[in-house]
Structure formats: structure tokens, C-alpha cells
>>> print(open('model.cif').read())   # mmCIF, C-alpha atoms
data_start
loop_
_atom_site.group_PDB
_atom_site.id
_atom_site.type_symbol
_atom_site.label_atom_id
_atom_site.label_comp_id
_atom_site.auth_asym_id
_atom_site.auth_seq_id
_atom_site.Cartn_x
_atom_site.Cartn_y
_atom_site.Cartn_z
ATOM 1 C CA MET A 1 16.555 0.583 6.236
ATOM 2 C CA PRO A 2 13.513 -0.823 8.111
ATOM 3 C CA ASP A 3 14.034 -4.201 9.797
ATOM 4 C CA PRO A 4 11.730 -6.695 8.008
ATOM 5 C CA SER A 5 11.521 -8.820 11.162
ATOM 6 C CA ASN A 6 10.097 -5.903 13.155
ATOM 7 C CA PRO A 7 6.321 -6.379 13.644
ATOM 8 C CA THR A 8 5.763 -2.642 13.139
ATOM 9 C CA THR A 9 7.497 -2.849 9.756
ATOM 10 C CA ARG A 10 5.023 -5.533 8.720
ATOM 11 C CA VAL A 11 2.111 -3.242 9.570
ATOM 12 C CA ILE A 12 3.688 -0.486 7.472
ATOM 13 C CA ASP A 13 4.156 -2.939 4.593
ATOM 14 C CA VAL A 14 0.448 -3.843 4.680
ATOM 15 C CA LEU A 15 -0.640 -0.196 4.666
ATOM 16 C CA ASN A 16 1.796 0.677 1.864
ATOM 17 C CA PHE A 17 0.541 -2.268 -0.185
ATOM 18 C CA LEU A 18 -3.091 -1.188 0.096
ATOM 19 C CA ALA A 19 -2.207 2.484 -0.449
ATOM 20 C CA ALA A 20 -0.587 1.496 -3.743
ATOM 21 C CA HIS A 21 -3.878 -0.169 -4.805
ATOM 22 C CA PRO A 22 -6.509 2.216 -3.391
ATOM 23 C CA MET A 23 -9.361 1.056 -5.640
ATOM 24 C CA GLU A 24 -8.865 -2.674 -5.028
ATOM 25 C CA SER A 25 -9.678 -5.208 -2.310
ATOM 26 C CA PHE A 26 -7.521 -8.203 -1.417
ATOM 27 C CA SER A 27 -7.923 -11.463 0.422
ATOM 28 C CA LEU A 28 -5.643 -12.359 3.313
ATOM 29 C CA ALA A 29 -3.591 -14.630 1.036
ATOM 30 C CA ASP A 30 -3.355 -11.926 -1.662
ATOM 31 C CA ILE A 31 -1.776 -9.595 0.895
ATOM 32 C CA ALA A 32 0.368 -12.115 2.756
ATOM 33 C CA ARG A 33 1.980 -13.724 -0.304
ATOM 34 C CA PRO A 34 3.694 -10.716 -1.937
ATOM 35 C CA LEU A 35 4.694 -9.270 1.439
ATOM 36 C CA GLY A 36 6.291 -12.523 2.597
ATOM 37 C CA LEU A 37 4.001 -12.791 5.638
ATOM 38 C CA SER A 38 2.722 -15.986 7.182
ATOM 39 C CA ASN A 39 -1.057 -16.306 7.156
ATOM 40 C CA GLY A 40 -1.027 -16.113 10.959
ATOM 41 C CA SER A 41 0.921 -12.827 11.020
ATOM 42 C CA ALA A 42 -1.211 -11.362 8.241
ATOM 43 C CA HIS A 43 -4.412 -12.351 10.048
ATOM 44 C CA ARG A 44 -3.347 -10.626 13.279
ATOM 45 C CA ILE A 45 -2.338 -7.434 11.478
ATOM 46 C CA LEU A 46 -5.419 -7.278 9.257
ATOM 47 C CA THR A 47 -7.833 -8.038 12.092
ATOM 48 C CA THR A 48 -6.338 -5.357 14.353
ATOM 49 C CA LEU A 49 -6.322 -2.713 11.612
ATOM 50 C CA ALA A 50 -9.880 -3.594 10.584
ATOM 51 C CA GLN A 51 -11.133 -3.318 14.168
ATOM 52 C CA ALA A 52 -9.645 0.187 14.339
ATOM 53 C CA LYS A 53 -11.259 1.051 10.950
ATOM 54 C CA PHE A 54 -7.881 1.641 9.338
ATOM 55 C CA LEU A 55 -8.937 -1.177 7.019
ATOM 56 C CA TYR A 56 -12.354 -2.183 5.744
ATOM 57 C CA ARG A 57 -13.195 -5.893 5.758
ATOM 58 C CA ASN A 58 -15.841 -7.091 3.309
ATOM 59 C CA GLU A 59 -17.366 -9.945 5.275
ATOM 60 C CA SER A 60 -19.074 -11.639 2.326
ATOM 61 C CA GLN A 61 -15.980 -11.629 0.088
ATOM 62 C CA ARG A 62 -13.455 -11.827 2.931
ATOM 63 C CA THR A 63 -11.331 -9.076 1.456
ATOM 64 C CA TYR A 64 -9.592 -6.003 2.837
ATOM 65 C CA SER A 65 -9.180 -2.437 1.585
ATOM 66 C CA LEU A 66 -8.315 0.943 3.095
ATOM 67 C CA GLY A 67 -10.694 1.975 5.872
ATOM 68 C CA ILE A 68 -12.469 5.211 6.673
ATOM 69 C CA ALA A 69 -10.154 6.081 9.592
ATOM 70 C CA MET A 70 -7.330 6.535 7.061
ATOM 71 C CA VAL A 71 -9.210 9.506 5.588
ATOM 72 C CA ALA A 72 -8.713 11.581 8.744
ATOM 73 C CA ILE A 73 -5.047 10.644 8.921
ATOM 74 C CA GLY A 74 -4.556 11.544 5.280
ATOM 75 C CA GLU A 75 -6.288 14.901 5.657
ATOM 76 C CA ALA A 76 -4.242 15.719 8.754
ATOM 77 C CA ALA A 77 -1.025 14.864 6.890
ATOM 78 C CA VAL A 78 -1.997 17.105 3.960
ATOM 79 C CA GLN A 79 -2.594 20.010 6.355
ATOM 80 C CA GLN A 80 0.863 19.464 7.820
ATOM 81 C CA HIS A 81 2.458 19.245 4.348
ATOM 82 C CA ARG A 82 0.650 22.054 2.584
ATOM 83 C CA GLY A 83 2.800 21.818 -0.531
ATOM 84 C CA VAL A 84 1.025 18.590 -1.514
ATOM 85 C CA ASP A 85 -2.356 20.325 -1.613
ATOM 86 C CA VAL A 86 -0.941 23.279 -3.557
ATOM 87 C CA ALA A 87 0.721 20.860 -5.984
ATOM 88 C CA ARG A 88 -2.572 19.023 -6.497
ATOM 89 C CA ARG A 89 -4.378 22.291 -7.287
ATOM 90 C CA GLU A 90 -1.740 23.450 -9.753
ATOM 91 C CA LEU A 91 -1.281 20.057 -11.409
ATOM 92 C CA THR A 92 -5.038 19.787 -11.938
ATOM 93 C CA ARG A 93 -4.875 23.017 -13.931
ATOM 94 C CA LEU A 94 -1.763 21.941 -15.811
ATOM 95 C CA ALA A 95 -3.189 18.527 -16.733
ATOM 96 C CA VAL A 96 -6.225 20.212 -18.296
ATOM 97 C CA GLU A 97 -4.103 22.792 -20.116
ATOM 98 C CA LEU A 98 -1.627 20.285 -21.573
ATOM 99 C CA ASN A 99 -4.012 17.317 -21.843
ATOM 100 C CA MET A 100 -1.325 15.155 -20.271
ATOM 101 C CA GLN A 101 -0.803 13.198 -17.099
ATOM 102 C CA CYS A 102 0.702 15.150 -14.185
ATOM 103 C CA SER A 103 1.979 13.860 -10.856
ATOM 104 C CA ALA A 104 3.902 14.850 -7.746
ATOM 105 C CA SER A 105 6.235 12.635 -5.749
ATOM 106 C CA ALA A 106 8.484 12.794 -2.701
ATOM 107 C CA VAL A 107 11.449 10.773 -1.465
ATOM 108 C CA VAL A 108 10.614 8.492 1.456
ATOM 109 C CA GLU A 109 13.192 6.034 2.835
ATOM 110 C CA ASN A 110 15.316 6.250 -0.332
ATOM 111 C CA GLU A 111 12.294 5.571 -2.504
ATOM 112 C CA ILE A 112 10.267 7.837 -4.767
ATOM 113 C CA LEU A 113 6.634 7.808 -3.608
ATOM 114 C CA VAL A 114 3.785 9.153 -5.759
ATOM 115 C CA LEU A 115 1.559 11.502 -3.730
ATOM 116 C CA VAL A 116 -0.609 13.167 -6.393
ATOM 117 C CA ARG A 117 -1.780 12.188 -9.863
ATOM 118 C CA GLU A 118 -4.000 14.358 -12.054
ATOM 119 C CA GLY A 119 -5.236 14.037 -15.618
ATOM 120 C CA VAL A 120 -6.284 11.031 -17.648
ATOM 121 C CA VAL A 121 -3.827 8.142 -17.524
ATOM 122 C CA GLN A 122 -2.173 8.088 -20.923
ATOM 123 C CA THR A 123 0.682 5.749 -20.110
ATOM 124 C CA HIS A 124 1.424 3.051 -17.564
ATOM 125 C CA ARG A 125 5.159 3.505 -17.937
ATOM 126 C CA GLY A 126 6.956 5.115 -15.019
ATOM 127 C CA LEU A 127 5.348 6.151 -11.758
ATOM 128 C CA THR A 128 1.672 6.678 -12.528
ATOM 129 C CA ARG A 129 -0.355 5.648 -9.464
ATOM 130 C CA VAL A 130 -0.688 7.307 -6.070
ATOM 131 C CA GLY A 131 1.086 5.142 -3.509
ATOM 132 C CA GLU A 132 3.419 3.600 -6.062
ATOM 133 C CA ARG A 133 7.125 3.538 -5.228
ATOM 134 C CA ARG A 134 10.464 3.141 -6.995
ATOM 135 C CA PRO A 135 13.963 3.039 -5.472
ATOM 136 C CA LEU A 136 15.933 6.279 -5.780
ATOM 137 C CA LEU A 137 18.428 4.922 -8.300
ATOM 138 C CA PRO A 138 19.845 6.483 -11.483
ATOM 139 C CA PRO A 139 18.309 7.671 -13.677
ATOM 140 C CA LEU A 140 15.171 8.042 -11.515
ATOM 141 C CA GLY A 141 14.761 11.099 -9.308
ATOM 142 C CA LEU A 142 17.364 13.306 -10.970
ATOM 143 C CA CYS A 143 15.577 16.453 -9.769
ATOM 144 C CA TYR A 144 16.023 15.316 -6.171
ATOM 145 C CA ILE A 145 19.764 14.912 -6.676
ATOM 146 C CA ALA A 146 20.750 17.785 -8.994
ATOM 147 C CA TRP A 147 20.724 20.415 -6.208
ATOM 148 C CA SER A 148 22.275 18.105 -3.586
ATOM 149 C CA SER A 149 25.745 18.202 -2.074
ATOM 150 C CA GLU A 150 28.676 16.776 -4.007
ATOM 151 C CA ALA A 151 28.802 13.829 -1.601
ATOM 152 C CA ALA A 152 25.115 13.039 -2.158
ATOM 153 C CA ILE A 153 25.563 13.275 -5.934
ATOM 154 C CA GLU A 154 28.533 10.898 -5.883
ATOM 155 C CA ALA A 155 26.661 8.430 -3.659
ATOM 156 C CA TYR A 156 23.728 8.499 -6.098
ATOM 157 C CA ILE A 157 25.934 7.904 -9.154
ATOM 158 C CA ALA A 158 27.827 5.134 -7.343
ATOM 159 C CA LYS A 159 24.603 3.102 -7.118
ATOM 160 C CA ALA A 160 24.559 2.722 -10.911
ATOM 161 C CA GLU A 161 28.285 2.834 -11.667
ATOM 162 C CA PRO A 162 28.849 -0.955 -11.615
ATOM 163 C CA TYR A 163 25.963 -1.582 -14.023
ATOM 164 C CA MET A 164 25.476 1.436 -16.307
ATOM 165 C CA ALA A 165 27.183 1.590 -19.712
ATOM 166 C CA GLN A 166 30.020 4.110 -19.940
ATOM 167 C CA ASP A 167 28.266 6.463 -22.385
ATOM 168 C CA ALA A 168 25.124 6.502 -20.233
ATOM 169 C CA LEU A 169 27.216 7.086 -17.112
ATOM 170 C CA GLU A 170 28.928 10.050 -18.768
ATOM 171 C CA ARG A 171 25.515 11.444 -19.680
ATOM 172 C CA LEU A 172 24.383 11.009 -16.072
ATOM 173 C CA ARG A 173 27.268 13.200 -14.884
ATOM 174 C CA GLU A 174 26.501 15.770 -17.599
ATOM 175 C CA ALA A 175 22.815 15.765 -16.718
ATOM 176 C CA LEU A 176 22.962 17.141 -13.187
ATOM 177 C CA PRO A 177 24.460 20.594 -13.943
ATOM 178 C CA LEU A 178 22.247 20.771 -17.053
ATOM 179 C CA ILE A 179 19.136 20.159 -14.937
ATOM 180 C CA ARG A 180 20.189 22.895 -12.520
ATOM 181 C CA GLN A 181 20.662 25.258 -15.451
ATOM 182 C CA ARG A 182 17.351 24.424 -17.139
ATOM 183 C CA GLY A 183 15.280 23.990 -14.001
ATOM 184 C CA TYR A 184 13.848 20.681 -15.206
ATOM 185 C CA ALA A 185 14.771 17.135 -16.260
ATOM 186 C CA ILE A 186 13.718 15.478 -19.530
ATOM 187 C CA ALA A 187 14.435 11.965 -20.794
ATOM 188 C CA ALA A 188 13.635 9.701 -23.742
ATOM 189 C CA SER A 189 11.124 6.870 -23.773
ATOM 190 C CA GLY A 190 12.775 3.473 -23.788
ATOM 191 C CA GLN A 191 13.468 1.008 -21.020
ATOM 192 C CA ALA A 192 10.315 0.249 -19.039
ATOM 193 C CA PRO A 193 10.840 0.676 -15.295
ATOM 194 C CA VAL A 194 10.732 -2.492 -13.215
ATOM 195 C CA ARG A 195 7.567 -3.179 -11.247
ATOM 196 C CA SER A 196 7.113 -5.668 -8.443
ATOM 197 C CA PRO A 197 3.972 -6.772 -6.600
ATOM 198 C CA ALA A 198 3.521 -4.731 -3.424
ATOM 199 C CA ASN A 199 6.845 -3.036 -4.100
ATOM 200 C CA ARG A 200 8.568 -6.172 -2.841
ATOM 201 C CA ARG A 201 12.343 -5.869 -3.195
ATOM 202 C CA ASP A 202 13.412 -9.484 -3.679
ATOM 203 C CA GLU A 203 16.410 -10.871 -5.559
ATOM 204 C CA ALA A 204 14.530 -11.171 -8.858
ATOM 205 C CA TYR A 205 13.395 -7.565 -8.584
ATOM 206 C CA TRP A 206 16.893 -6.178 -8.050
ATOM 207 C CA SER A 207 18.279 -8.333 -10.835
ATOM 208 C CA SER A 208 15.723 -6.794 -13.228
ATOM 209 C CA VAL A 209 16.499 -3.292 -11.937
ATOM 210 C CA TYR A 210 20.214 -3.611 -12.626
ATOM 211 C CA GLU A 211 19.585 -5.204 -16.027
ATOM 212 C CA THR A 212 17.400 -2.207 -16.926
ATOM 213 C CA ILE A 213 20.111 0.213 -15.773
ATOM 214 C CA ALA A 214 22.713 -1.662 -17.835
ATOM 215 C CA ASN A 215 20.658 -1.258 -21.032
ATOM 216 C CA LEU A 216 19.910 2.461 -20.715
ATOM 217 C CA THR A 217 20.960 4.724 -23.577
ATOM 218 C CA PRO A 218 22.292 8.241 -22.878
ATOM 219 C CA ASN A 219 19.005 9.851 -23.985
ATOM 220 C CA GLU A 220 17.061 7.576 -21.637
ATOM 221 C CA VAL A 221 19.174 9.068 -18.850
ATOM 222 C CA GLN A 222 18.721 12.684 -19.986
ATOM 223 C CA PHE A 223 18.305 14.647 -23.194
ATOM 224 C CA ILE A 224 20.868 17.241 -24.146
ATOM 225 C CA ASP A 225 18.734 18.682 -26.969
ATOM 226 C CA ASN A 226 15.355 18.560 -25.123
ATOM 227 C CA GLY A 227 14.269 15.530 -27.142
ATOM 228 C CA GLU A 228 13.331 17.554 -30.184
ATOM 229 C CA HIS A 229 14.473 14.918 -32.683
ATOM 230 C CA HIS A 230 14.163 11.626 -30.824
ATOM 231 C CA PRO A 231 12.094 8.975 -32.662
ATOM 232 C CA ASN A 232 10.829 7.255 -29.501
ATOM 233 C CA GLY A 233 9.552 10.455 -27.949
ATOM 234 C CA ILE A 234 9.769 11.692 -24.366
ATOM 235 C CA ALA A 235 9.199 9.602 -21.256
ATOM 236 C CA TYR A 236 8.741 12.497 -18.840
ATOM 237 C CA ILE A 237 9.567 16.081 -17.927
ATOM 238 C CA GLY A 238 10.228 16.740 -14.231
ATOM 239 C CA ALA A 239 10.709 19.916 -12.187
ATOM 240 C CA PRO A 240 11.609 20.411 -8.505
ATOM 241 C CA VAL A 241 9.697 22.121 -5.705
ATOM 242 C CA PHE A 242 11.936 23.615 -3.007
ATOM 243 C CA SER A 243 11.411 23.978 0.731
ATOM 244 C CA PRO A 244 12.203 27.103 2.790
ATOM 245 C CA GLU A 245 15.556 25.434 3.535
ATOM 246 C CA GLY A 246 16.303 25.148 -0.188
ATOM 247 C CA GLU A 247 15.843 21.379 -0.346
ATOM 248 C CA VAL A 248 13.873 19.551 -3.046
ATOM 249 C CA VAL A 249 10.705 18.346 -1.303
ATOM 250 C CA LEU A 250 8.612 17.392 -4.335
ATOM 251 C CA GLN A 251 9.159 16.545 -7.959
ATOM 252 C CA LEU A 252 6.377 17.505 -10.383
ATOM 253 C CA VAL A 253 6.193 15.364 -13.515
ATOM 254 C CA VAL A 254 4.438 15.529 -16.876
ATOM 255 C CA SER A 255 4.126 12.153 -18.622
ATOM 256 C CA GLY A 256 1.978 10.530 -21.279
ATOM 257 C CA ILE A 257 3.613 12.900 -23.769
ATOM 258 C CA PRO A 258 2.647 12.344 -27.442
ATOM 259 C CA ARG A 259 5.508 10.958 -29.502
ATOM 260 C CA ASP A 260 5.000 13.449 -32.338
ATOM 261 C CA LEU A 261 5.124 16.571 -30.158
ATOM 262 C CA SER A 262 6.801 19.478 -31.963
ATOM 263 C CA ALA A 263 9.929 21.180 -30.619
ATOM 264 C CA PRO A 264 8.077 24.413 -29.687
ATOM 265 C CA ARG A 265 5.409 22.373 -27.910
ATOM 266 C CA ILE A 266 8.039 20.422 -25.954
ATOM 267 C CA ARG A 267 9.619 23.684 -24.813
ATOM 268 C CA HIS A 268 6.167 25.030 -23.884
ATOM 269 C CA CYS A 269 5.415 21.954 -21.748
ATOM 270 C CA ALA A 270 8.775 22.229 -19.986
ATOM 271 C CA ASP A 271 8.313 25.960 -19.364
ATOM 272 C CA ARG A 272 4.790 25.465 -18.014
ATOM 273 C CA LEU A 273 5.896 22.669 -15.687
ATOM 274 C CA ARG A 274 8.814 24.754 -14.411
ATOM 275 C CA ALA A 275 6.436 27.678 -13.826
ATOM 276 C CA THR A 276 4.027 25.392 -11.965
ATOM 277 C CA ALA A 277 6.835 24.155 -9.718
ATOM 278 C CA ALA A 278 7.812 27.789 -9.060
ATOM 279 C CA ILE A 279 4.242 28.596 -7.971
ATOM 280 C CA VAL A 280 4.226 25.708 -5.491
ATOM 281 C CA THR A 281 7.694 26.675 -4.219
ATOM 282 C CA ASN A 282 6.567 30.268 -3.725
ATOM 283 C CA GLU A 283 3.383 29.312 -1.852
ATOM 284 C CA ILE A 284 5.296 27.218 0.665
ATOM 285 C CA TYR A 285 7.930 29.970 1.054
ATOM 286 C CA GLY A 286 10.619 27.870 -0.569
ATOM 287 C CA HIS A 287 13.670 29.110 -2.409
ATOM 288 C CA ILE A 288 16.093 27.742 -4.974
ATOM 289 C CA PRO A 289 19.610 27.271 -3.549
ATOM 290 C CA GLY A 290 21.997 29.988 -4.657
ATOM 291 C CA MET A 291 19.249 32.431 -5.563
#
>>> encode(input="model.cif", output="C-alpha cells")
Amino acid sequence: MPDPSNPTTRVIDVLNFLAAHPMESFSLADIARPLGLSNGSAHRILTTLAQAKFLYRNESQRTYSLGIAMVAIGEAAVQQHRGVDVARRELTRLAVELNMQCSASAVVENEILVLVREGVVQTHRGLTRVGERRPLLPPLGLCYIAWSSEAAIEAYIAKAEPYMAQDALERLREALPLIRQRGYAIAASGQAPVRSPANRRDEAYWSSVYETIANLTPNEVQFIDNGEHHPNGIAYIGAPVFSPEGEVVLQLVVSGIPRDLSAPRIRHCADRLRATAAIVTNEIYGHIPGM
């Protein structure tokens, strides 16, 4: 894990904070407070980044936002990670076809990071904004884990084992082979995921996370019957994108799913998402392990 006392880590925290709020501007205090920075440290970081045009400083309002130099860095990163651009193209098409919200995420430092979001926002539950992060804890990120080694699977389950109810924990163990068989994950709407300002992981945040995990029902972990008869509807459907090495590099997600969706329509959405993930996998020369 990054050392919070490392000055470089503080710079990363500032950039991650602003990336998670790309349409907003913040004062020095608005940035320093949630990140746990002193005003002096925040001032040095913000001034240096603004001088290099990584941040934009609005002189009249004394606020900061992402700067124009970040555009070149972002474009260069997309060229290096071509799957993100392919995912954006395909999710744009899928969002129009399904009239739902579609996104793509990756795992970064044991957190799920949203990279792409297409379609009209129809829900603010779950990961919905580019730059937003959640810790890779059960039941989040099941597509990243389902094709992992046995040791990685056990380590993932162990994170929730002390907190999760026994019936939900049993469903979690059932879910992973089922996801591999289906090629997608699907879970019920229910417990709202925990949010924290600037993704700050303080004691109150983790307490809320573990309380949420403790109250999960089996269907909120994973559906066995594809959610065809669940009164609260479906939270999300997720499908993996594989690298040439057979590792899950992206998870594509459909969310904002109408509660009254019929069983055939649910299956259609899942099939279309799985097909979209297959297109992205194919274009980056990826392959599914064991195939």
C-alpha cells in the first residue's frame, strides 16, 4: 500500500481526487480537508501542479481543477492501453441499444477504478463516475476474481469472512464457478455501497464498509436464477475482458436496470454484455483461460 507520509503519495491523492470530480473546481481547503493535508502542504502541491498546467487555477474564485496538460497524458495512456478505447466504443453502442448505463473499470492498487462511463446516468448506486474508486472487497469485483488462482480466491473471500453472514458467504463461494460458467456476474439491488469524500479510507469509512458487508443477502452477493423473480430488481450485470495472458484486465458493467425488466430481457442484456466483452477481448488479442 502507498505510504501516506510520502510526498509523492500526496500528489497522487490530489490528482485522484480531482479525477474523481472532473466537472468540479475546489478551493485549497476543499482539497486539503478530505485528503488530510495541511494547508501548507496542499498549497505547495497545488501551486506546483498549476504551474506545470496539470491543474487549472481560477484566479478570481481561487479554485483548482484538472489542467490541460492532463489531456496529453490521458491520451497517451489510452494509446498504451488500447482496450479502454475499444471498450468505450463498444459501450457507447451498447448503452444506446439497451438504454442503460454502461461502464468499464480496472483494478488499481486493490481498488476498482472506473475508466469509462457511457449512457445517461440512471442510478447513483454503485460505481457510476469516471475516476471513482471502491476497494476490491466481496461482493465487489467478482469478475476480477472468478478466473483467478485458488489462492487469490481464498484471499478475496477471507476479506469478508469475519463480517459476512453465513448464507451470504456460502453464496459467495457458489458464485465464482457460476460466473465462470455463465461468463458474467449479476446481483440484486439492495445495500448501497459506501462512499467517502475523495475516496478517503478512514476509520468511519471502513466501519461502514464492514457493516454493509454484514447486512448483505445472498442475492445481493450473486443471483442463482439471474434475478428473474426478485422484487428489488437488479443492481448490475458485469462481464470480464481478458488480456493476451488470460487475465481479467477490465470489467464491463450494465447498471441503471429497470426493476420491472422481464426474464427474457434480463437474459438479452446479459448476453449482449457478454458479447460486448468478447469483442473487446478479441480486439486486444485476449483469451479466456482454459479455452
>>> resolve_selection(input="model.cif", expression="the PyMOL selection byres ((chain A and resi 183-190) around 8)", output="PDB file with C-alpha atoms, in the coordinates of the input")
ATOM      1  CA  LEU A 142      17.364  13.306 -10.970  1.00  0.00           C
ATOM      2  CA  CYS A 143      15.577  16.453  -9.769  1.00  0.00           C
ATOM      3  CA  ILE A 179      19.136  20.159 -14.937  1.00  0.00           C
ATOM      4  CA  ARG A 180      20.189  22.895 -12.520  1.00  0.00           C
ATOM      5  CA  GLN A 181      20.662  25.258 -15.451  1.00  0.00           C
ATOM      6  CA  ARG A 182      17.351  24.424 -17.139  1.00  0.00           C
ATOM      7  CA  GLN A 191      13.468   1.008 -21.020  1.00  0.00           C
ATOM      8  CA  ALA A 192      10.315   0.249 -19.039  1.00  0.00           C
ATOM      9  CA  LEU A 216      19.910   2.461 -20.715  1.00  0.00           C
ATOM     10  CA  ASN A 219      19.005   9.851 -23.985  1.00  0.00           C
ATOM     11  CA  GLU A 220      17.061   7.576 -21.637  1.00  0.00           C
ATOM     12  CA  VAL A 221      19.174   9.068 -18.850  1.00  0.00           C
ATOM     13  CA  GLN A 222      18.721  12.684 -19.986  1.00  0.00           C
ATOM     14  CA  PHE A 223      18.305  14.647 -23.194  1.00  0.00           C
ATOM     15  CA  ASN A 226      15.355  18.560 -25.123  1.00  0.00           C
ATOM     16  CA  GLY A 227      14.269  15.530 -27.142  1.00  0.00           C
ATOM     17  CA  HIS A 230      14.163  11.626 -30.824  1.00  0.00           C
ATOM     18  CA  ASN A 232      10.829   7.255 -29.501  1.00  0.00           C
ATOM     19  CA  GLY A 233       9.552  10.455 -27.949  1.00  0.00           C
ATOM     20  CA  ILE A 234       9.769  11.692 -24.366  1.00  0.00           C
ATOM     21  CA  ALA A 235       9.199   9.602 -21.256  1.00  0.00           C
ATOM     22  CA  TYR A 236       8.741  12.497 -18.840  1.00  0.00           C
ATOM     23  CA  ILE A 237       9.567  16.081 -17.927  1.00  0.00           C
ATOM     24  CA  GLY A 238      10.228  16.740 -14.231  1.00  0.00           C
ATOM     25  CA  ALA A 239      10.709  19.916 -12.187  1.00  0.00           C
ATOM     26  CA  PRO A 240      11.609  20.411  -8.505  1.00  0.00           C
ATOM     27  CA  ALA A 270       8.775  22.229 -19.986  1.00  0.00           C
ATOM     28  CA  ARG A 274       8.814  24.754 -14.411  1.00  0.00           C
TER      29      ARG A 274
END
>>> axis_aligned_box(input="model.cif", around="stretch 15-20 of chain A", padding_each_side="8 Å", output="JSON")
{"center_x": -0.6, "center_y": 0.1, "center_z": 0.5, "size_x": 20.9, "size_y": 20.8, "size_z": 24.4}
>>> residues_around(input="model.cif", residues="A:Arg93", least_positions_apart="3", cutoff="10 Å", atoms="all atoms listed in the file", output="short mmCIF file (atom, residue, chain, number, x, y, z; two decimals) with C-alpha atoms, keeping the file's coordinate frame")
data_model
loop_
_atom_site.label_atom_id
_atom_site.label_comp_id
_atom_site.auth_asym_id
_atom_site.auth_seq_id
_atom_site.Cartn_x
_atom_site.Cartn_y
_atom_site.Cartn_z
CA ALA A 87 0.72 20.86 -5.98
CA ARG A 88 -2.57 19.02 -6.50
CA ARG A 89 -4.38 22.29 -7.29
CA GLU A 90 -1.74 23.45 -9.75
CA VAL A 96 -6.22 20.21 -18.30
CA GLU A 97 -4.10 22.79 -20.12
CA LEU A 98 -1.63 20.28 -21.57
CA ASN A 99 -4.01 17.32 -21.84
CA CYS A 102 0.70 15.15 -14.18
CA GLU A 118 -4.00 14.36 -12.05
CA GLY A 119 -5.24 14.04 -15.62
CA THR A 276 4.03 25.39 -11.96
#
>>> closest_residue(input="model.cif", among="A:Gly131, A:Pro218, A:Pro258, A:Gly83", to="A:Phe242", atoms="only C-alpha atoms")
A:Gly83
>>> resolve_selection(input="model.cif", expression="the PyMOL selection byres ((chain A and resi 260-262) around 9)", output="number ranges by chain")
A: 228-229, 231-234, 257-259, 263-267
>>> write_last_selection(input="model.cif", atoms="C-alpha atoms", output="tab-separated table (two decimals), in the coordinates of the input")
chain	number	residue	atom	x	y	z
A	228	GLU	CA	13.33	17.55	-30.18
A	229	HIS	CA	14.47	14.92	-32.68
A	231	PRO	CA	12.09	8.98	-32.66
A	232	ASN	CA	10.83	7.26	-29.50
A	233	GLY	CA	9.55	10.46	-27.95
A	234	ILE	CA	9.77	11.69	-24.37
A	257	ILE	CA	3.61	12.90	-23.77
A	258	PRO	CA	2.65	12.34	-27.44
A	259	ARG	CA	5.51	10.96	-29.50
A	263	ALA	CA	9.93	21.18	-30.62
A	264	PRO	CA	8.08	24.41	-29.69
A	265	ARG	CA	5.41	22.37	-27.91
A	266	ILE	CA	8.04	20.42	-25.95
A	267	ARG	CA	9.62	23.68	-24.81
>>> closest_residue(input="model.cif", among="A:Ala278, A:Ile145, A:Ala106, A:Ile12", to="A:Glu132", atoms="only C-alpha atoms")
A:Ala106
>>> residues_around(input="model.cif", residues="A:Leu46", least_positions_apart="6", cutoff="9 Å", atoms="only C-alpha atoms", output="MDAnalysis selection string")
chainID A and resid 11 14 28 55 57 64
>>> resolve_selection(input="model.cif", expression="the PyMOL selection byres ((chain A and resi 66-68) around 12)", output="VMD selection string")
chain A and resid 14 to 26 46 49 to 58 63 to 65 69 to 75
>>> atom_distance(input="model.cif", atom1="atom CA of A:Leu140", atom2="atom CA of A:Leu252")
13.0 Å
>>> closest_residue(input="model.cif", among="A:Glu247, A:Asp225, A:Glu211, A:Glu161", to="A:Ala175", atoms="all atoms listed in the file")
A:Asp225
>>> residues_around(input="model.cif", residues="stretch 149-160 of chain A", least_positions_apart="5", cutoff="9 Å", atoms="all atoms listed in the file", output="ChimeraX atom specification")
/A:136-139,169,172-173,176,210,213-214
>>> atom_distance(input="model.cif", atom1="atom CA of A:Leu178", atom2="atom CA of A:Ile288")
15.2 Å
>>> atom_distance(input="model.cif", atom1="atom CA of A:His268", atom2="atom CA of A:Met100")
12.9 Å
>>> closest_residue(input="model.cif", among="A:Leu94, A:Gly256, A:Asp202, A:Thr212", to="A:Gly36", atoms="only C-alpha atoms")
A:Asp202
>>> residues_around(input="model.cif", residues="A:Glu111", least_positions_apart="2", cutoff="7 Å", atoms="all atoms listed in the file", output="ChimeraX atom specification")
/A:107-109,113,133-136
>>> residues_around(input="model.cif", residues="A:Val84", least_positions_apart="6", cutoff="8 Å", atoms="all atoms listed in the file", output="PyMOL selection string")
chain A and resi 78+104+115-116
>>> closest_residue(input="model.cif", among="A:Ile224, A:Ala275, A:Trp206, A:Asn215", to="A:Ala165", atoms="all atoms listed in the file")
A:Asn215
>>> build_atoms(input="model.cif", residues="stretch 12-21 of chain A", atoms="N, CA and C atoms", output="short mmCIF file (atom, residue, chain, number, x, y, z; two decimals), in the frame of the given file")
data_model
loop_
_atom_site.label_atom_id
_atom_site.label_comp_id
_atom_site.auth_asym_id
_atom_site.auth_seq_id
_atom_site.Cartn_x
_atom_site.Cartn_y
_atom_site.Cartn_z
N ILE A 12 3.42 -1.52 8.48
CA ILE A 12 3.69 -0.49 7.47
C ILE A 12 3.62 -1.08 6.07
N ASP A 13 4.18 -2.28 5.90
CA ASP A 13 4.16 -2.94 4.59
C ASP A 13 2.72 -3.18 4.12
N VAL A 14 1.86 -3.60 5.03
CA VAL A 14 0.45 -3.84 4.68
C VAL A 14 -0.23 -2.55 4.25
N LEU A 15 -0.02 -1.48 5.01
CA LEU A 15 -0.64 -0.20 4.67
C LEU A 15 -0.09 0.35 3.34
N ASN A 16 1.21 0.22 3.13
CA ASN A 16 1.80 0.68 1.86
C ASN A 16 1.26 -0.12 0.68
N PHE A 17 1.08 -1.42 0.88
CA PHE A 17 0.54 -2.27 -0.18
C PHE A 17 -0.86 -1.81 -0.58
N LEU A 18 -1.72 -1.59 0.39
CA LEU A 18 -3.09 -1.19 0.10
C LEU A 18 -3.15 0.25 -0.43
N ALA A 19 -2.25 1.10 0.06
CA ALA A 19 -2.21 2.48 -0.45
C ALA A 19 -1.80 2.53 -1.91
N ALA A 20 -1.01 1.55 -2.35
CA ALA A 20 -0.59 1.50 -3.74
C ALA A 20 -1.68 0.93 -4.65
N HIS A 21 -2.75 0.40 -4.04
CA HIS A 21 -3.88 -0.17 -4.80
C HIS A 21 -5.19 0.33 -4.18
#
